[in-house]
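Containing PDB, C-alpha atoms: entry.pdb.
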```pdb
ATOM      1  CA  SER A 171     -16.437  11.312 -90.678
ATOM      2  CA  CYS A 172     -14.065   9.901 -88.080
ATOM      3  CA  ILE A 173     -13.138   7.127 -90.528
ATOM      4  CA  ASP A 174     -12.189   9.671 -93.191
ATOM      5  CA  THR A 175     -10.182  11.675 -90.651
ATOM      6  CA  PHE A 176      -8.297   8.588 -89.504
ATOM      7  CA  GLU A 177      -7.542   7.476 -93.075
ATOM      8  CA  ILE A 178      -6.224  10.950 -93.951
ATOM      9  CA  CYS A 179      -3.955  10.940 -90.892
ATOM     10  CA  THR A 180      -2.685   7.470 -91.711
ATOM     11  CA  HIS A 181      -1.934   8.547 -95.281
ATOM     12  CA  ILE A 182       0.054  11.544 -94.027
ATOM     13  CA  PHE A 183       2.051   9.324 -91.672
ATOM     14  CA  LYS A 184       2.944   6.820 -94.371
ATOM     15  CA  SER A 185       3.773   9.363 -97.087
ATOM     16  CA  ASP A 186       5.209  12.444 -95.349
ATOM     17  CA  LYS A 187       8.899  12.285 -94.341
ATOM     18  CA  ASN A 188       8.550  15.268 -92.042
ATOM     19  CA  SER A 189       8.735  13.891 -88.496
ATOM     20  CA  ILE A 190       6.629  16.748 -87.094
ATOM     21  CA  MET A 191       3.811  16.073 -89.580
ATOM     22  CA  LYS A 192       4.027  12.389 -88.739
ATOM     23  CA  SER A 193       3.752  13.111 -85.051
ATOM     24  CA  ILE A 194       0.765  15.412 -85.586
ATOM     25  CA  SER A 195      -0.995  12.846 -87.772
ATOM     26  CA  VAL A 196      -0.507  10.068 -85.211
ATOM     27  CA  PHE A 197      -1.663  12.363 -82.407
ATOM     28  CA  ILE A 198      -4.853  13.308 -84.269
ATOM     29  CA  ALA A 199      -5.516   9.678 -85.170
ATOM     30  CA  ALA A 200      -5.035   8.628 -81.572
ATOM     31  CA  MET A 201      -7.342  11.405 -80.360
ATOM     32  CA  PHE A 202     -10.093  10.364 -82.754
ATOM     33  CA  ALA A 203      -9.642   6.644 -82.170
ATOM     34  CA  PRO A 204     -11.718   6.338 -78.973
ATOM     35  CA  TYR A 205     -14.676   8.133 -80.568
ATOM     36  CA  CYS A 206     -14.439   6.007 -83.677
ATOM     37  CA  ILE A 207     -14.182   2.823 -81.673
ATOM     38  CA  GLU A 208     -17.251   3.655 -79.614
ATOM     39  CA  SER A 209     -19.292   3.669 -82.819
ATOM     40  CA  PHE A 210     -18.523   0.023 -83.519
ATOM     41  CA  SER A 211     -19.049  -3.250 -81.753
ATOM     42  CA  PRO A 212     -16.076  -4.358 -79.595
ATOM     43  CA  CYS A 213     -15.018  -7.045 -82.023
ATOM     44  CA  SER A 214     -15.829  -5.327 -85.298
ATOM     45  CA  PRO A 215     -13.272  -5.685 -88.116
ATOM     46  CA  PHE A 216     -12.968  -1.899 -88.348
ATOM     47  CA  GLN A 217     -12.099  -1.582 -84.681
ATOM     48  CA  GLN A 218      -9.486  -4.304 -84.935
ATOM     49  CA  ASN A 219      -7.938  -2.693 -88.011
ATOM     50  CA  LEU A 220      -8.063   0.713 -86.357
ATOM     51  CA  ARG A 221      -6.163  -0.454 -83.311
ATOM     52  CA  HIS A 222      -3.627  -2.302 -85.445
ATOM     53  CA  THR A 223      -2.992   0.723 -87.637
ATOM     54  CA  ILE A 224      -2.529   3.052 -84.652
ATOM     55  CA  VAL A 225      -0.005   0.728 -83.031
ATOM     56  CA  SER A 226       1.773   0.167 -86.345
ATOM     57  CA  SER A 227       1.985   3.903 -86.902
ATOM     58  CA  PHE A 228       4.077   4.301 -83.773
ATOM     59  CA  GLN A 229       6.447   1.628 -85.096
ATOM     60  CA  ALA A 230       7.633   3.429 -88.212
ATOM     61  CA  SER A 231      10.035   1.677 -90.556
ATOM     62  CA  PRO A 232      13.610   2.612 -89.707
ATOM     63  CA  LYS A 233      15.684   4.743 -92.023
ATOM     64  CA  ALA A 234      17.786   2.989 -94.620
ATOM     65  CA  ASP A 235      20.916   4.100 -92.760
ATOM     66  CA  SER A 236      19.824   2.812 -89.328
ATOM     67  CA  TYR A 237      21.949   0.379 -87.341
ATOM     68  CA  GLY A 238      21.376  -1.682 -84.219
ATOM     69  CA  LEU A 239      23.586  -2.007 -81.142
ATOM     70  CA  LEU A 240      22.453  -4.850 -78.890
ATOM     71  CA  PHE A 241      23.923  -5.603 -75.458
ATOM     72  CA  ASP A 242      23.845  -8.819 -73.510
ATOM     73  CA  CYS A 243      23.406  -8.100 -69.794
ATOM     74  CA  ASP A 244      25.275 -10.534 -67.557
ATOM     75  CA  GLY A 245      29.005 -10.272 -68.165
ATOM     76  CA  VAL A 246      28.631  -7.348 -70.588
ATOM     77  CA  ILE A 247      26.792  -4.518 -68.841
ATOM     78  CA  ILE A 248      27.834  -5.889 -65.470
ATOM     79  CA  GLU A 249      30.128  -8.743 -64.514
ATOM     80  CA  THR A 250      27.508 -10.786 -62.721
ATOM     81  CA  GLU A 251      28.399 -14.417 -63.316
ATOM     82  CA  GLU A 252      30.028 -14.829 -59.905
ATOM     83  CA  LEU A 253      26.956 -13.279 -58.285
ATOM     84  CA  HIS A 254      24.773 -15.777 -60.137
ATOM     85  CA  ARG A 255      26.935 -18.642 -58.889
ATOM     86  CA  LEU A 256      26.786 -17.419 -55.298
ATOM     87  CA  ALA A 257      22.997 -17.043 -55.523
ATOM     88  CA  TYR A 258      22.561 -20.561 -56.925
ATOM     89  CA  ASN A 259      24.703 -22.071 -54.185
ATOM     90  CA  ALA A 260      22.791 -20.124 -51.533
ATOM     91  CA  ALA A 261      19.504 -21.460 -52.929
ATOM     92  CA  PHE A 262      20.915 -24.987 -53.017
ATOM     93  CA  ARG A 263      21.872 -24.676 -49.344
ATOM     94  CA  GLU A 264      18.452 -23.332 -48.354
ATOM     95  CA  PHE A 265      16.783 -26.288 -50.067
ATOM     96  CA  ASN A 266      19.361 -28.646 -48.548
ATOM     97  CA  LEU A 267      20.069 -30.291 -51.922
ATOM     98  CA  ARG A 268      22.074 -33.477 -51.498
ATOM     99  CA  ILE A 269      23.248 -36.237 -53.843
ATOM    100  CA  GLU A 270      24.668 -39.343 -52.161
ATOM    101  CA  ASN A 271      24.697 -37.323 -48.943
ATOM    102  CA  GLU A 272      26.953 -34.656 -50.482
ATOM    103  CA  PRO A 273      25.694 -31.049 -50.796
ATOM    104  CA  VAL A 274      25.118 -29.685 -54.290
ATOM    105  CA  GLU A 275      27.549 -26.847 -54.951
ATOM    106  CA  TRP A 276      28.835 -25.267 -58.144
ATOM    107  CA  THR A 277      32.526 -24.358 -58.109
ATOM    108  CA  VAL A 278      33.963 -21.410 -60.024
ATOM    109  CA  ALA A 279      35.571 -23.726 -62.581
ATOM    110  CA  TYR A 280      32.391 -25.741 -63.087
ATOM    111  CA  TYR A 281      30.193 -22.653 -63.413
ATOM    112  CA  ASP A 282      32.568 -21.333 -66.086
ATOM    113  CA  ILE A 283      31.806 -24.499 -68.051
ATOM    114  CA  LEU A 284      28.067 -24.135 -67.478
ATOM    115  CA  GLN A 285      27.876 -20.522 -68.624
ATOM    116  CA  ASN A 286      29.782 -21.322 -71.808
ATOM    117  CA  THR A 287      27.637 -24.394 -72.521
ATOM    118  CA  VAL A 288      24.047 -23.681 -71.497
ATOM    119  CA  GLY A 289      21.902 -20.562 -71.673
ATOM    120  CA  GLY A 290      19.351 -19.773 -68.952
ATOM    121  CA  GLY A 291      19.318 -20.669 -65.264
ATOM    122  CA  LYS A 292      16.748 -23.452 -65.351
ATOM    123  CA  ASN A 293      18.519 -25.039 -68.292
ATOM    124  CA  LYS A 294      21.769 -24.967 -66.316
ATOM    125  CA  MET A 295      20.143 -26.868 -63.452
ATOM    126  CA  PHE A 296      18.553 -29.421 -65.784
ATOM    127  CA  PHE A 297      21.920 -29.890 -67.506
ATOM    128  CA  HIS A 298      23.649 -30.374 -64.171
ATOM    129  CA  PHE A 299      21.211 -32.920 -62.785
ATOM    130  CA  ARG A 300      20.562 -34.782 -66.029
ATOM    131  CA  ASN A 301      23.988 -34.657 -67.665
ATOM    132  CA  THR A 302      26.636 -34.023 -65.006
ATOM    133  CA  THR A 303      25.333 -35.904 -61.979
ATOM    134  CA  GLY A 304      22.856 -38.132 -63.781
ATOM    135  CA  THR A 305      20.361 -37.789 -60.957
ATOM    136  CA  PHE A 306      18.235 -35.210 -59.193
ATOM    137  CA  PRO A 307      18.988 -34.501 -55.525
ATOM    138  CA  LYS A 308      17.135 -35.171 -52.331
ATOM    139  CA  TYR A 309      15.992 -31.912 -50.830
ATOM    140  CA  GLU A 310      14.589 -30.069 -47.817
ATOM    141  CA  ASP A 311      14.017 -32.526 -44.935
ATOM    142  CA  ASP A 312      15.449 -35.491 -46.821
ATOM    143  CA  LYS A 313      12.577 -35.584 -49.292
ATOM    144  CA  PRO A 314      13.233 -38.141 -52.052
ATOM    145  CA  ALA A 315      14.556 -36.936 -55.359
ATOM    146  CA  PRO A 316      11.906 -36.022 -57.960
ATOM    147  CA  SER A 317      10.853 -39.081 -59.916
ATOM    148  CA  THR A 318       8.754 -37.584 -62.725
ATOM    149  CA  PRO A 319       9.380 -34.767 -65.222
ATOM    150  CA  GLU A 320       6.650 -32.750 -63.506
ATOM    151  CA  GLU A 321       8.323 -33.096 -60.102
ATOM    152  CA  GLU A 322      11.703 -32.221 -61.612
ATOM    153  CA  GLN A 323      10.228 -29.106 -63.234
ATOM    154  CA  ASP A 324       8.575 -28.073 -59.976
ATOM    155  CA  LEU A 325      11.825 -28.318 -58.011
ATOM    156  CA  VAL A 326      13.789 -26.409 -60.648
ATOM    157  CA  ASP A 327      11.099 -23.708 -60.793
ATOM    158  CA  ARG A 328      11.195 -23.266 -57.021
ATOM    159  CA  LEU A 329      14.986 -23.173 -56.959
ATOM    160  CA  GLN A 330      15.085 -20.595 -59.751
ATOM    161  CA  SER A 331      12.527 -18.396 -57.992
ATOM    162  CA  ARG A 332      14.495 -18.385 -54.747
ATOM    163  CA  LYS A 333      17.785 -17.925 -56.575
ATOM    164  CA  THR A 334      16.372 -14.840 -58.319
ATOM    165  CA  ASP A 335      15.444 -13.253 -54.983
ATOM    166  CA  LEU A 336      18.903 -13.944 -53.565
ATOM    167  CA  TYR A 337      20.545 -12.631 -56.740
ATOM    168  CA  LYS A 338      18.591  -9.381 -56.565
ATOM    169  CA  GLU A 339      19.821  -8.869 -53.008
ATOM    170  CA  LEU A 340      23.418  -9.331 -54.147
ATOM    171  CA  ILE A 341      22.908  -6.978 -57.094
ATOM    172  CA  ALA A 342      21.601  -4.235 -54.820
ATOM    173  CA  GLU A 343      24.785  -4.538 -52.767
ATOM    174  CA  LYS A 344      27.456  -5.020 -55.436
ATOM    175  CA  ALA A 345      26.242  -4.018 -58.902
ATOM    176  CA  GLN A 346      28.506  -1.777 -60.967
ATOM    177  CA  ALA A 347      28.629  -1.333 -64.735
ATOM    178  CA  ARG A 348      31.710  -2.557 -66.577
ATOM    179  CA  PRO A 349      34.076   0.184 -67.819
ATOM    180  CA  GLY A 350      32.984   1.925 -71.014
ATOM    181  CA  VAL A 351      29.514   0.377 -71.230
ATOM    182  CA  LEU A 352      27.477   3.382 -70.112
ATOM    183  CA  GLU A 353      29.534   5.774 -72.240
ATOM    184  CA  LEU A 354      28.995   3.677 -75.376
ATOM    185  CA  MET A 355      25.309   3.204 -74.612
ATOM    186  CA  ASP A 356      24.759   6.931 -74.047
ATOM    187  CA  GLU A 357      26.555   7.738 -77.301
ATOM    188  CA  ALA A 358      24.280   5.305 -79.137
ATOM    189  CA  LEU A 359      21.091   6.536 -77.440
ATOM    190  CA  ALA A 360      21.952  10.075 -78.534
ATOM    191  CA  ASP A 361      22.353   9.024 -82.182
ATOM    192  CA  GLU A 362      19.037   8.970 -84.066
ATOM    193  CA  ASN A 363      20.433   6.420 -86.533
ATOM    194  CA  ILE A 364      21.253   3.817 -83.899
ATOM    195  CA  PHE A 365      18.710   1.519 -82.271
ATOM    196  CA  VAL A 366      19.818   0.359 -78.825
ATOM    197  CA  GLY A 367      18.648  -2.737 -77.019
ATOM    198  CA  VAL A 368      19.363  -5.341 -74.348
ATOM    199  CA  CYS A 369      18.913  -9.060 -75.032
ATOM    200  CA  SER A 370      19.419 -11.334 -72.044
ATOM    201  CA  ALA A 371      18.518 -14.954 -71.338
ATOM    202  CA  SER A 372      17.877 -14.089 -67.685
ATOM    203  CA  THR A 373      14.383 -13.528 -66.330
ATOM    204  CA  LYS A 374      12.645 -10.174 -66.521
ATOM    205  CA  GLU A 375      12.606  -9.898 -62.740
ATOM    206  CA  ALA A 376      16.378 -10.385 -62.453
ATOM    207  CA  VAL A 377      17.424  -8.290 -65.457
ATOM    208  CA  THR A 378      15.163  -5.341 -64.640
ATOM    209  CA  LYS A 379      16.810  -5.125 -61.229
ATOM    210  CA  VAL A 380      20.287  -5.225 -62.782
ATOM    211  CA  LEU A 381      19.430  -2.592 -65.386
ATOM    212  CA  ASP A 382      17.787  -0.238 -62.899
ATOM    213  CA  VAL A 383      20.791  -0.449 -60.586
ATOM    214  CA  THR A 384      23.481  -0.160 -63.280
ATOM    215  CA  LEU A 385      21.838   1.906 -66.037
ATOM    216  CA  GLY A 386      19.272   3.783 -63.990
ATOM    217  CA  GLU A 387      15.560   3.667 -64.720
ATOM    218  CA  GLU A 388      15.661   6.716 -67.009
ATOM    219  CA  ARG A 389      18.335   5.254 -69.274
ATOM    220  CA  ARG A 390      16.640   1.840 -69.282
ATOM    221  CA  LYS A 391      13.370   3.357 -70.473
ATOM    222  CA  LYS A 392      15.168   4.934 -73.450
ATOM    223  CA  LEU A 393      16.099   1.521 -74.844
ATOM    224  CA  ASP A 394      14.439   0.763 -78.185
ATOM    225  CA  VAL A 395      14.058  -2.904 -77.357
ATOM    226  CA  CYS A 396      14.570  -5.128 -74.321
ATOM    227  CA  ILE A 397      14.073  -8.860 -74.854
ATOM    228  CA  LEU A 398      14.549 -11.250 -71.968
ATOM    229  CA  GLY A 399      14.407 -14.964 -71.317
ATOM    230  CA  ASP A 400      10.703 -14.770 -70.526
ATOM    231  CA  ASP A 401      10.003 -13.331 -73.990
ATOM    232  CA  VAL A 402      11.312 -16.188 -76.134
ATOM    233  CA  SER A 403      10.718 -19.932 -76.208
ATOM    234  CA  LYS A 404      14.339 -20.798 -77.023
ATOM    235  CA  LEU A 405      17.325 -19.407 -75.158
ATOM    236  CA  LYS A 406      20.913 -18.769 -76.263
ATOM    237  CA  PRO A 407      22.791 -20.327 -78.018
ATOM    238  CA  ASP A 408      19.653 -20.435 -80.157
ATOM    239  CA  PRO A 409      19.511 -17.167 -82.159
ATOM    240  CA  MET A 410      15.808 -16.555 -81.443
ATOM    241  CA  ILE A 411      16.393 -13.700 -78.999
ATOM    242  CA  TYR A 412      18.429 -11.693 -81.517
ATOM    243  CA  VAL A 413      16.196 -12.596 -84.453
ATOM    244  CA  THR A 414      13.259 -11.329 -82.389
ATOM    245  CA  ALA A 415      15.093  -8.085 -81.618
ATOM    246  CA  ALA A 416      15.728  -7.430 -85.311
ATOM    247  CA  GLU A 417      12.092  -8.160 -86.115
ATOM    248  CA  ARG A 418      10.813  -5.775 -83.451
ATOM    249  CA  LEU A 419      13.171  -3.055 -84.640
ATOM    250  CA  ASN A 420      12.297  -3.837 -88.263
ATOM    251  CA  ILE A 421      15.975  -3.817 -89.176
ATOM    252  CA  ASP A 422      18.219  -6.078 -91.249
ATOM    253  CA  PRO A 423      20.256  -8.305 -88.884
ATOM    254  CA  LYS A 424      23.339  -7.522 -90.979
ATOM    255  CA  ARG A 425      23.073  -3.937 -89.732
ATOM    256  CA  CYS A 426      23.242  -5.052 -86.092
ATOM    257  CA  VAL A 427      26.256  -5.452 -83.832
ATOM    258  CA  VAL A 428      25.958  -7.491 -80.628
ATOM    259  CA  ILE A 429      28.121  -7.035 -77.532
ATOM    260  CA  GLU A 430      28.531 -10.412 -75.818
ATOM    261  CA  ASP A 431      30.917 -12.109 -73.393
ATOM    262  CA  SER A 432      30.502 -15.869 -73.911
ATOM    263  CA  ILE A 433      30.504 -18.618 -76.512
ATOM    264  CA  VAL A 434      26.793 -19.182 -75.889
ATOM    265  CA  GLY A 435      26.011 -15.531 -76.682
ATOM    266  CA  LEU A 436      28.382 -15.484 -79.648
ATOM    267  CA  LYS A 437      26.635 -18.478 -81.219
ATOM    268  CA  ALA A 438      23.264 -16.766 -80.770
ATOM    269  CA  ALA A 439      24.449 -13.524 -82.377
ATOM    270  CA  LYS A 440      26.159 -15.168 -85.350
ATOM    271  CA  GLY A 441      23.222 -17.527 -85.809
ATOM    272  CA  ALA A 442      21.025 -14.459 -86.213
ATOM    273  CA  GLY A 443      23.333 -13.093 -88.925
ATOM    274  CA  MET A 444      24.761 -10.253 -86.819
ATOM    275  CA  LYS A 445      28.276  -9.065 -86.099
ATOM    276  CA  CYS A 446      29.504  -9.816 -82.593
ATOM    277  CA  VAL A 447      32.027  -8.061 -80.364
ATOM    278  CA  ILE A 448      33.193 -10.010 -77.322
ATOM    279  CA  THR A 449      34.100  -8.263 -74.077
ATOM    280  CA  TYR A 450      35.546 -11.236 -72.279
ATOM    281  CA  THR A 451      35.817 -11.730 -68.539
ATOM    282  CA  SER A 452      38.253 -13.659 -66.370
ATOM    283  CA  SER A 453      36.060 -16.732 -66.763
ATOM    284  CA  THR A 454      35.848 -16.553 -70.564
ATOM    285  CA  GLU A 455      39.186 -15.025 -71.615
ATOM    286  CA  ASN A 456      40.639 -18.374 -72.721
ATOM    287  CA  GLU A 457      37.773 -19.281 -75.054
ATOM    288  CA  ASP A 458      38.533 -19.441 -78.793
ATOM    289  CA  PHE A 459      36.152 -16.632 -79.750
ATOM    290  CA  TYR A 460      37.815 -15.915 -83.093
ATOM    291  CA  GLY A 461      37.685 -19.597 -83.958
ATOM    292  CA  MET A 462      33.930 -19.490 -83.288
ATOM    293  CA  GLY A 463      33.453 -16.516 -85.611
ATOM    294  CA  CYS A 464      33.487 -13.391 -83.463
ATOM    295  CA  ASP A 465      34.304 -10.172 -85.305
ATOM    296  CA  ALA A 466      36.388  -8.625 -82.540
ATOM    297  CA  LYS A 467      37.258  -9.216 -78.898
ATOM    298  CA  VAL A 468      38.468  -6.830 -76.220
ATOM    299  CA  PRO A 469      38.912  -7.152 -72.456
ATOM    300  CA  GLU A 470      36.787  -4.048 -71.849
ATOM    301  CA  LEU A 471      35.018  -1.442 -73.955
ATOM    302  CA  GLY A 472      36.441   1.434 -71.926
ATOM    303  CA  SER A 473      40.092   0.428 -71.797
ATOM    304  CA  ARG A 474      40.210  -0.058 -75.572
ATOM    305  CA  GLY A 475      38.313   3.131 -76.435
ATOM    306  CA  VAL A 476      35.429   1.398 -78.213
ATOM    307  CA  THR A 477      33.109   4.069 -79.662
ATOM    308  CA  LEU A 478      30.275   4.126 -82.190
ATOM    309  CA  ASP A 479      32.694   5.237 -84.903
ATOM    310  CA  VAL A 480      35.045   2.361 -84.147
ATOM    311  CA  ILE A 481      32.139  -0.083 -84.406
ATOM    312  CA  PHE A 482      29.986   1.296 -87.208
ATOM    313  CA  GLY A 483      32.429   3.561 -89.089
ATOM    314  CA  PRO A 484      33.821   0.755 -91.281
ATOM    315  CA  MET A 485      30.323  -0.612 -91.976
ATOM    316  CA  ILE A 486      29.171   2.836 -93.093
ATOM    317  CA  SER A 487      32.195   3.665 -95.245
ATOM    318  CA  LYS A 488      33.137   0.224 -96.590
ATOM    319  CA  GLY A 489      29.920  -1.787 -96.455
ATOM    320  CA  LEU A 490      28.192  -4.143 -94.061
ATOM    321  CA  ASP A 491      30.810  -6.867 -94.510
ATOM    322  CA  ALA A 492      33.700  -4.621 -93.436
ATOM    323  CA  GLU A 493      35.870  -5.664 -90.499
ATOM    324  CA  ILE A 494      35.285  -3.677 -87.320
ATOM    325  CA  LEU A 495      37.424  -2.550 -84.363
ATOM    326  CA  THR A 496      40.531  -3.314 -86.416
ATOM    327  CA  ASP A 497      42.744  -0.849 -84.526
ATOM    328  CA  VAL A 498      41.621  -1.698 -80.976
ATOM    329  CA  ARG A 499      40.681  -5.399 -80.944
ATOM    330  CA  ASP A 500      42.868  -8.235 -79.683
ATOM    331  CA  PRO A 501      44.937  -9.772 -82.504
ATOM    332  CA  ARG A 502      43.463 -12.791 -84.213
TER     333      ARG A 502
END
```
Could you rewrite the structure in this file as structure tokens?
Amino acid sequence: SCIDTFEICTHIFKSDKNSIMKSISVFIAAMFAPYCIESFSPCSPFQQNLRHTIVSSFQASPKADSYGLLFDCDGVIIETEELHRLAYNAAFREFNLRIENEPVEWTVAYYDILQNTVGGGKNKMFFHFRNTTGTFPKYEDDKPAPSTPEEEQDLVDRLQSRKTDLYKELIAEKAQARPGVLELMDEALADENIFVGVCSASTKEAVTKVLDVTLGEERRKKLDVCILGDDVSKLKPDPMIYVTAAERLNIDPKRCVVIEDSIVGLKAAKGAGMKCVITYTSSTENEDFYGMGCDAKVPELGSRGVTLDVIFGPMISKGLDAEILTDVRDPR
């Protein structure tokens, strides 16, 4: 029967280490699945279990020697923080945001503080209006400042939406990957023992544009995991985004190395129990990354010759607690 056939295929997948046999078993199971499902009511327990098993089969447990390499996006793959700032200020101008008759504008120095304090664009605006200025602005044609949490949320949502559109326009004009990022990513994608992913607090709409422009659609689609701000309920510095990545990859967080550029990202990575390499930018170079627990910091991946062997070699030969990038990192 189709049930027997499916159970046999599932058994082969779970017990046979031969990848070809696994692929054949999943293919046969998938081919039989529609016919099996048609024989049962739409909500039958068998149908639900069948679907779950098919999906689970495609997510095989990683090998014991697998590792994870996870990239932040903004500031790591591409130095975008200044583009974000310009897009926010452009949105503020379009909405004519004013506090005590002064336009709302984020300076370079102030945005450096924001990006090292708060994760996510909406959170940055809430922090600014609630903590820095202590009041929300008037907007558009001198409309009064929002007076309820719902009105505040609505204004921030509208600002973020417009900012994203403006940011995408800037990305299309100016996006370029940071030195060494694509080379390291390609090396990792070619290694069957390395899972590769991107974990960014930015929205899916914004990050997808950045990745398609800098990585190319083909390379982006090869990523094993891509978790964005829309996918998690808590943003960096909360570790949820990296914990979620490890769960989806079914890998021990201790076997993962994160490439980040800020204190906010570093806290998220270390909170998830992962190693963290910082590729700092001009706006974050003076932060005390080692004091906050980073495992290594470099100005760029390319200029320091950061390769998979430099990152994972010590972990493979000396254990997961081994120090990494010892010969190329900035001194502690």
Check your understanding: Counting only C-alpha atoms, what is within 9 Å of A:Asp400, bar same-chain residues fewer than 6 positions away, as a list in words?
Key ->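 Contacts, in chain order: Ala371, Ser372, Thr373 and Lys374 of chain A.
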Write the residues of the preceding selection, restricted to C-alpha atoms, as a PDB file, in the frame of the given file.
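So the final result, stored in again-v2.pdb, reads:
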```pdb
ATOM      1  CA  ALA A 371      18.518 -14.954 -71.338  1.00  0.00           C
ATOM      2  CA  SER A 372      17.877 -14.089 -67.685  1.00  0.00           C
ATOM      3  CA  THR A 373      14.383 -13.528 -66.330  1.00  0.00           C
ATOM      4  CA  LYS A 374      12.645 -10.174 -66.521  1.00  0.00           C
TER       5      LYS A 374
END
```
Practice item. List the residues matched by the PyMOL selection byres ((chain A and resi 253) around 10) in the displayed structure as an MDAnalysis selection string, ordered by chain and then by residue number. Key: chainID A and resid 244 249:252 254:259 336:341 344:345
Point to revise | Result set, the PyMOL selection byres ((chain A and resi 309-321) around 9) on current file, as a list in words | key: Phe262, Glu264, Phe265, Asn266, Leu267, Arg268, Ile269, Thr305, Phe306, Pro307, Lys308, Glu322, Gln323, Asp324, Leu325 and Val326 of chain A
Give me the residues of stretch 314-420 of chain A that have any atom at most 12 Å from an atom of stretch 475-488 of chain A; for each, the nearest atom pair and the distance in Å, rounded to one decimal. Use only C-alpha atoms, sort by chain and number, and format it as a tab-separated table.
```
residue	atom	partner	partner_atom	distance
A:Pro349	CA	A:Gly475	CA	10.0
A:Gly350	CA	A:Val476	CA	7.6
A:Val351	CA	A:Val476	CA	9.2
A:Leu352	CA	A:Thr477	CA	11.1
A:Glu353	CA	A:Thr477	CA	8.4
A:Leu354	CA	A:Thr477	CA	6.0
A:Met355	CA	A:Leu478	CA	9.1
A:Asp356	CA	A:Leu478	CA	10.2
A:Glu357	CA	A:Leu478	CA	7.1
A:Ala358	CA	A:Leu478	CA	6.8
A:Leu359	CA	A:Leu478	CA	10.6
A:Ala360	CA	A:Leu478	CA	10.9
A:Asp361	CA	A:Leu478	CA	9.3
A:Asn363	CA	A:Phe482	CA	10.9
A:Ile364	CA	A:Leu478	CA	9.2
A:Phe365	CA	A:Leu478	CA	11.9
A:Val366	CA	A:Leu478	CA	11.6
```
Exercise for review: Using all atoms listed in the file, pick whichever of A:Ile421, A:Val288, A:Val246, A:Val413 has the shortest atom-to-atom distance to A:Ala234.
Suggested key: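 Closest candidate: A:Ile421.
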**Study point:** Residues matched by the PyMOL selection byres ((chain A and resi 381) around 12), written as a VMD selection string
**Key:** chain A and resid 241 to 244 246 to 248 250 338 341 to 342 345 to 347 352 367 to 370 372 374 to 380 382 to 393 396 398
Study note, to complete from the structure: A straight line from atom CA of A:Pro273 to atom CA of A:Thr303 spans 12.2 Å
Please reconstruct the missing atoms of stretch 463-472 of chain A (target: N, CA, C and O atoms) and return them as a PDB file, in the frame of the given file.
```pdb
ATOM      1  N   GLY A 463      34.034 -17.475 -84.674  1.00  0.00           N
ATOM      2  CA  GLY A 463      33.453 -16.516 -85.611  1.00  0.00           C
ATOM      3  C   GLY A 463      33.226 -15.113 -85.116  1.00  0.00           C
ATOM      4  O   GLY A 463      32.581 -14.308 -85.810  1.00  0.00           O
ATOM      5  N   CYS A 464      33.732 -14.758 -83.932  1.00  0.00           N
ATOM      6  CA  CYS A 464      33.487 -13.391 -83.463  1.00  0.00           C
ATOM      7  C   CYS A 464      34.256 -12.399 -84.334  1.00  0.00           C
ATOM      8  O   CYS A 464      35.297 -12.719 -84.905  1.00  0.00           O
ATOM      9  N   ASP A 465      33.719 -11.189 -84.432  1.00  0.00           N
ATOM     10  CA  ASP A 465      34.304 -10.172 -85.305  1.00  0.00           C
ATOM     11  C   ASP A 465      35.408  -9.381 -84.629  1.00  0.00           C
ATOM     12  O   ASP A 465      36.290  -8.825 -85.289  1.00  0.00           O
ATOM     13  N   ALA A 466      35.350  -9.308 -83.306  1.00  0.00           N
ATOM     14  CA  ALA A 466      36.388  -8.625 -82.540  1.00  0.00           C
ATOM     15  C   ALA A 466      36.238  -9.002 -81.079  1.00  0.00           C
ATOM     16  O   ALA A 466      35.129  -9.308 -80.626  1.00  0.00           O
ATOM     17  N   LYS A 467      37.351  -8.991 -80.341  1.00  0.00           N
ATOM     18  CA  LYS A 467      37.258  -9.216 -78.898  1.00  0.00           C
ATOM     19  C   LYS A 467      38.185  -8.251 -78.179  1.00  0.00           C
ATOM     20  O   LYS A 467      39.279  -7.929 -78.658  1.00  0.00           O
ATOM     21  N   VAL A 468      37.706  -7.765 -77.050  1.00  0.00           N
ATOM     22  CA  VAL A 468      38.468  -6.830 -76.220  1.00  0.00           C
ATOM     23  C   VAL A 468      38.204  -7.179 -74.757  1.00  0.00           C
ATOM     24  O   VAL A 468      37.154  -7.717 -74.423  1.00  0.00           O
ATOM     25  N   PRO A 469      39.154  -6.862 -73.862  1.00  0.00           N
ATOM     26  CA  PRO A 469      38.912  -7.152 -72.456  1.00  0.00           C
ATOM     27  C   PRO A 469      37.838  -6.260 -71.848  1.00  0.00           C
ATOM     28  O   PRO A 469      37.078  -6.681 -70.985  1.00  0.00           O
ATOM     29  N   GLU A 470      37.790  -5.004 -72.310  1.00  0.00           N
ATOM     30  CA  GLU A 470      36.787  -4.048 -71.849  1.00  0.00           C
ATOM     31  C   GLU A 470      36.530  -3.035 -72.952  1.00  0.00           C
ATOM     32  O   GLU A 470      37.415  -2.742 -73.763  1.00  0.00           O
ATOM     33  N   LEU A 471      35.332  -2.485 -72.978  1.00  0.00           N
ATOM     34  CA  LEU A 471      35.018  -1.442 -73.955  1.00  0.00           C
ATOM     35  C   LEU A 471      35.771  -0.162 -73.628  1.00  0.00           C
ATOM     36  O   LEU A 471      36.284   0.525 -74.509  1.00  0.00           O
ATOM     37  N   GLY A 472      35.828   0.176 -72.334  1.00  0.00           N
ATOM     38  CA  GLY A 472      36.441   1.434 -71.926  1.00  0.00           C
ATOM     39  C   GLY A 472      37.935   1.475 -72.128  1.00  0.00           C
ATOM     40  O   GLY A 472      38.482   2.439 -72.684  1.00  0.00           O
TER      41      GLY A 472
END
```
